[in-house]
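J.: Before anything else, here's the structure in question.
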Amino acid sequence: MADKPVVIGVAGGTGSGKTSVTRSICDQFENQSILMLEQDYYYKDQSHLPFEERLKTNYDHPLAFDNDLLIEHLKQLLKGNPIEKPVYDYELHTRSENVIDVEPSDVIILEGILVLEDERLRNLMDIKVYVDTDADIRITRRIMRDIKERGRTIESVIDQYINVVRPMHLQFVEPTKRYADIIIPEGGENHVAIDLMTTKIKSILAERSASLS
């Protein structure tokens, strides 16, 4: 492993394609040391709250995330130490008892809607990326995903989008675009941007490797 991992933050609104961008980059490094750390695994533990209270959770608000734990885990990975990544149970609306063992890696891609919102997280990143996609495309993707993967109705997804997701995006997510080093329009469909990112990461890996030899 390189002396210090490269940390890339990938932010953007729900349905923007940030996960597709991240996975597309990771696919270019199948046989190399790269890992994806998803912010939405780090929602706060709510086991102390009654279930009715947990149902009111606003998952698009910065306070929903346990950034203290995420930052601690990122720092451990930067030191070359393994971590136990938490798992979130969306049916129970709290953290699962399960964890995922994660080994340190040469490249760490931190992905999530608000990874650029916390200055402490930004300070740990080498490259900051914002995936910028039109709102109508994002809501369409969100509807399709939530109906297919989470058993939601169209009405409930649209109601949540209008009353929670959209205002939270405008208040907290969209403003973080100004912190980005790179803005990628249209997410995973932007193959030129993904190729450029991949080339940059390979160049950083080559530099780190050369410095160790």
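To be explicit about the labels: the chains of the structure tokens are called A, B, and onward in the order shown, and within each one the residues are counted from 1, while ligands get numbers from 1 in the order they are shown.
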Could you pull the residues within 9 Å of segment 6-22 of chain A, counting only C-alpha atoms, minus those fewer than 5 positions along the same chain, as an NGL selection string?

T.: :A and (27 or 36 or 38 or 60 or 74 or 78 or 105-116 or 121-122 or 124-135 or 137-142 or 145 or 165 or 169 or 173-174 or 176-177 or 180 or 185-191 or 194 or 201 or 204-205)

J.: Write out as a ChimeraX atom specification the residues lying within 12 Å of Gln160 of chain A, counting only C-alpha atoms and excluding same-chain residues fewer than 5 positions away.

T.: /A:56-60,139,142-143,146,152-155,165-168

J.: Restricting the output to N, CA and C atoms, write the selected residues as a short mmCIF file (atom, residue, chain, number, x, y, z; two decimals), in the first residue's frame.

T.:
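Once everything was written out, this is part_19.cif:
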data_model
loop_
_atom_site.label_atom_id
_atom_site.label_comp_id
_atom_site.auth_asym_id
_atom_site.auth_seq_id
_atom_site.Cartn_x
_atom_site.Cartn_y
_atom_site.Cartn_z
N LYS A 56 -39.78 9.34 11.62
CA LYS A 56 -39.75 10.76 11.28
C LYS A 56 -38.38 11.23 10.81
N THR A 57 -37.42 10.31 10.74
CA THR A 57 -36.04 10.68 10.40
C THR A 57 -35.96 11.36 9.04
N ASN A 58 -35.28 12.48 9.01
CA ASN A 58 -35.02 13.20 7.75
C ASN A 58 -33.63 12.78 7.27
N TYR A 59 -33.59 11.82 6.34
CA TYR A 59 -32.33 11.25 5.88
C TYR A 59 -31.55 12.18 4.94
N ASP A 60 -32.13 13.32 4.62
CA ASP A 60 -31.46 14.26 3.72
C ASP A 60 -30.88 15.46 4.48
N ILE A 139 -35.29 13.18 -9.96
CA ILE A 139 -36.54 12.71 -9.37
C ILE A 139 -37.05 11.46 -10.07
N ARG A 142 -35.07 8.63 -8.77
CA ARG A 142 -35.45 8.35 -7.38
C ARG A 142 -36.76 7.57 -7.34
N ILE A 143 -37.75 7.97 -8.15
CA ILE A 143 -39.03 7.27 -8.19
C ILE A 143 -38.81 5.81 -8.58
N ASP A 146 -36.88 3.84 -5.72
CA ASP A 146 -37.61 3.59 -4.49
C ASP A 146 -38.78 2.62 -4.68
N ARG A 152 -41.86 1.26 -2.45
CA ARG A 152 -42.62 2.49 -2.19
C ARG A 152 -43.66 2.71 -3.29
N THR A 153 -44.67 3.53 -2.98
CA THR A 153 -45.64 3.93 -4.00
C THR A 153 -45.15 5.23 -4.66
N ILE A 154 -45.64 5.49 -5.87
CA ILE A 154 -45.27 6.73 -6.56
C ILE A 154 -45.67 7.94 -5.73
N GLU A 155 -46.87 7.87 -5.14
CA GLU A 155 -47.37 9.01 -4.35
C GLU A 155 -46.44 9.32 -3.18
N VAL A 165 -36.93 16.02 0.30
CA VAL A 165 -35.71 15.87 -0.50
C VAL A 165 -35.35 17.15 -1.23
N ARG A 166 -36.31 17.76 -1.93
CA ARG A 166 -36.00 18.96 -2.70
C ARG A 166 -35.56 20.13 -1.82
N PRO A 167 -36.31 20.47 -0.75
CA PRO A 167 -35.84 21.58 0.09
C PRO A 167 -34.49 21.31 0.74
N MET A 168 -34.24 20.06 1.14
CA MET A 168 -32.94 19.72 1.75
C MET A 168 -31.81 19.83 0.72
#

J.: How many Å lie between atom CA of Ile25 of chain A and atom CA of Thr198 of chain A, rounded to one decimal?

T.: 6.0 Å

J.: Using only C-alpha atoms, can you tell me which of A:Gln28, A:Leu55, A:Ser209, A:Tyr42 comes closest to Lys4 of chain A?

T.: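 Ranking A:Gln28, A:Leu55, A:Ser209, A:Tyr42 by distance to Lys4 of chain A, first place goes to A:Ser209.
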
J.: Neighbouring residues of His73 of chain A were defined as those with any atom within 7 Å, considering only C-alpha atoms; residues of the same chain fewer than 4 positions away were excluded. Please report them as a list of chain:residue names.

T.: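 Counting only C-alpha atoms, the residues come to A:Leu69, A:Leu77, A:Ile83.
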
J.: Selected residues, N, CA and C atoms, written as an mmCIF file, in the first residue's frame, please.

T.:
data_model
loop_
_atom_site.group_PDB
_atom_site.id
_atom_site.type_symbol
_atom_site.label_atom_id
_atom_site.label_comp_id
_atom_site.auth_asym_id
_atom_site.auth_seq_id
_atom_site.Cartn_x
_atom_site.Cartn_y
_atom_site.Cartn_z
ATOM 1 N N LEU A 69 -18.119 9.333 13.475
ATOM 2 C CA LEU A 69 -17.659 7.961 13.251
ATOM 3 C C LEU A 69 -17.026 7.822 11.873
ATOM 4 N N LEU A 77 -8.261 4.410 8.303
ATOM 5 C CA LEU A 77 -7.860 3.885 6.998
ATOM 6 C C LEU A 77 -6.622 4.611 6.478
ATOM 7 N N ILE A 83 -11.130 -1.164 9.381
ATOM 8 C CA ILE A 83 -12.280 -0.654 10.134
ATOM 9 C C ILE A 83 -13.435 -1.646 10.045
#

J.: In Å, how far is it from atom CA of Lys202 of chain A to atom CA of Ile183 of chain A?

T.: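 For atom CA of Lys202 of chain A relative to atom CA of Ile183 of chain A, the distance reads 19.4 Å.
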
J.: I need the strand (DSSP E or B) residues of segment 131-213 of chain A per DSSP on the backbone, written as a VMD selection string.

T.: chain A and resid 131 to 132 182 to 185

J.: Pick out the residues sitting within 8 Å of Asn81 of chain A, and hand them over as number ranges by chain; count only C-alpha atoms, and ignore anything fewer than 5 positions along from it in its own chain.

T.: A: 76, 103-104

J.: Include C-alpha atoms and write out the residues we just selected as a short mmCIF file (atom, residue, chain, number, x, y, z; two decimals), in the first residue's frame.

T.:
data_model
loop_
_atom_site.label_atom_id
_atom_site.label_comp_id
_atom_site.auth_asym_id
_atom_site.auth_seq_id
_atom_site.Cartn_x
_atom_site.Cartn_y
_atom_site.Cartn_z
CA GLN A 76 -7.95 4.92 10.67
CA GLU A 103 -9.21 -3.19 4.80
CA PRO A 104 -7.12 -0.07 4.05
#

J.: Would you return as a PDB file with C-alpha atoms, in the first residue's frame the members of segment 44-166 of chain A that DSSP assigns to alpha helix (DSSP H) on this structure's backbone?

T.:
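What landed in part.pdb:
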ATOM      1  CA  PHE A  51     -39.959   3.135  16.283  1.00  0.00           C
ATOM      2  CA  GLU A  52     -42.562   5.880  15.758  1.00  0.00           C
ATOM      3  CA  GLU A  53     -39.861   8.504  16.313  1.00  0.00           C
ATOM      4  CA  ARG A  54     -37.456   6.775  13.932  1.00  0.00           C
ATOM      5  CA  ASN A  67     -19.895  12.088  10.654  1.00  0.00           C
ATOM      6  CA  ASP A  68     -17.826  11.720  13.821  1.00  0.00           C
ATOM      7  CA  LEU A  69     -17.659   7.961  13.251  1.00  0.00           C
ATOM      8  CA  LEU A  70     -17.117   8.368   9.508  1.00  0.00           C
ATOM      9  CA  ILE A  71     -14.207  10.768  10.107  1.00  0.00           C
ATOM     10  CA  GLU A  72     -12.685   8.452  12.710  1.00  0.00           C
ATOM     11  CA  HIS A  73     -12.933   5.502  10.289  1.00  0.00           C
ATOM     12  CA  LEU A  74     -11.418   7.521   7.461  1.00  0.00           C
ATOM     13  CA  LYS A  75      -8.523   8.552   9.684  1.00  0.00           C
ATOM     14  CA  GLN A  76      -7.949   4.916  10.665  1.00  0.00           C
ATOM     15  CA  LEU A  77      -7.860   3.885   6.998  1.00  0.00           C
ATOM     16  CA  LEU A  78      -5.401   6.705   6.292  1.00  0.00           C
ATOM     17  CA  GLU A 119     -15.365  20.846   6.525  1.00  0.00           C
ATOM     18  CA  ARG A 120     -13.615  18.134   8.551  1.00  0.00           C
ATOM     19  CA  LEU A 121     -14.340  15.599   5.805  1.00  0.00           C
ATOM     20  CA  ARG A 122     -13.302  17.998   3.046  1.00  0.00           C
ATOM     21  CA  ALA A 135     -33.655  17.874 -11.079  1.00  0.00           C
ATOM     22  CA  ASP A 136     -36.173  16.217 -13.428  1.00  0.00           C
ATOM     23  CA  ILE A 137     -33.726  13.388 -14.164  1.00  0.00           C
ATOM     24  CA  ARG A 138     -32.903  12.982 -10.482  1.00  0.00           C
ATOM     25  CA  ILE A 139     -36.544  12.715  -9.367  1.00  0.00           C
ATOM     26  CA  THR A 140     -37.281  10.202 -12.140  1.00  0.00           C
ATOM     27  CA  ARG A 141     -34.377   8.039 -11.013  1.00  0.00           C
ATOM     28  CA  ARG A 142     -35.454   8.346  -7.382  1.00  0.00           C
ATOM     29  CA  ILE A 143     -39.028   7.269  -8.190  1.00  0.00           C
ATOM     30  CA  MET A 144     -37.820   4.236 -10.153  1.00  0.00           C
ATOM     31  CA  ARG A 145     -35.299   3.231  -7.485  1.00  0.00           C
ATOM     32  CA  ASP A 146     -37.612   3.585  -4.486  1.00  0.00           C
ATOM     33  CA  ILE A 147     -40.487   1.722  -6.137  1.00  0.00           C
ATOM     34  CA  LYS A 148     -38.234  -1.096  -7.343  1.00  0.00           C
ATOM     35  CA  GLU A 149     -35.844  -1.467  -4.417  1.00  0.00           C
ATOM     36  CA  ARG A 150     -37.831  -0.208  -1.429  1.00  0.00           C
ATOM     37  CA  ILE A 154     -45.271   6.726  -6.562  1.00  0.00           C
ATOM     38  CA  GLU A 155     -47.365   9.006  -4.353  1.00  0.00           C
ATOM     39  CA  SER A 156     -45.163   8.513  -1.284  1.00  0.00           C
ATOM     40  CA  VAL A 157     -41.929   9.055  -3.233  1.00  0.00           C
ATOM     41  CA  ILE A 158     -43.209  12.265  -4.860  1.00  0.00           C
ATOM     42  CA  ASP A 159     -44.600  13.550  -1.554  1.00  0.00           C
ATOM     43  CA  GLN A 160     -41.253  12.928   0.171  1.00  0.00           C
ATOM     44  CA  ARG A 166     -36.001  18.960  -2.704  1.00  0.00           C
TER      45      ARG A 166
END
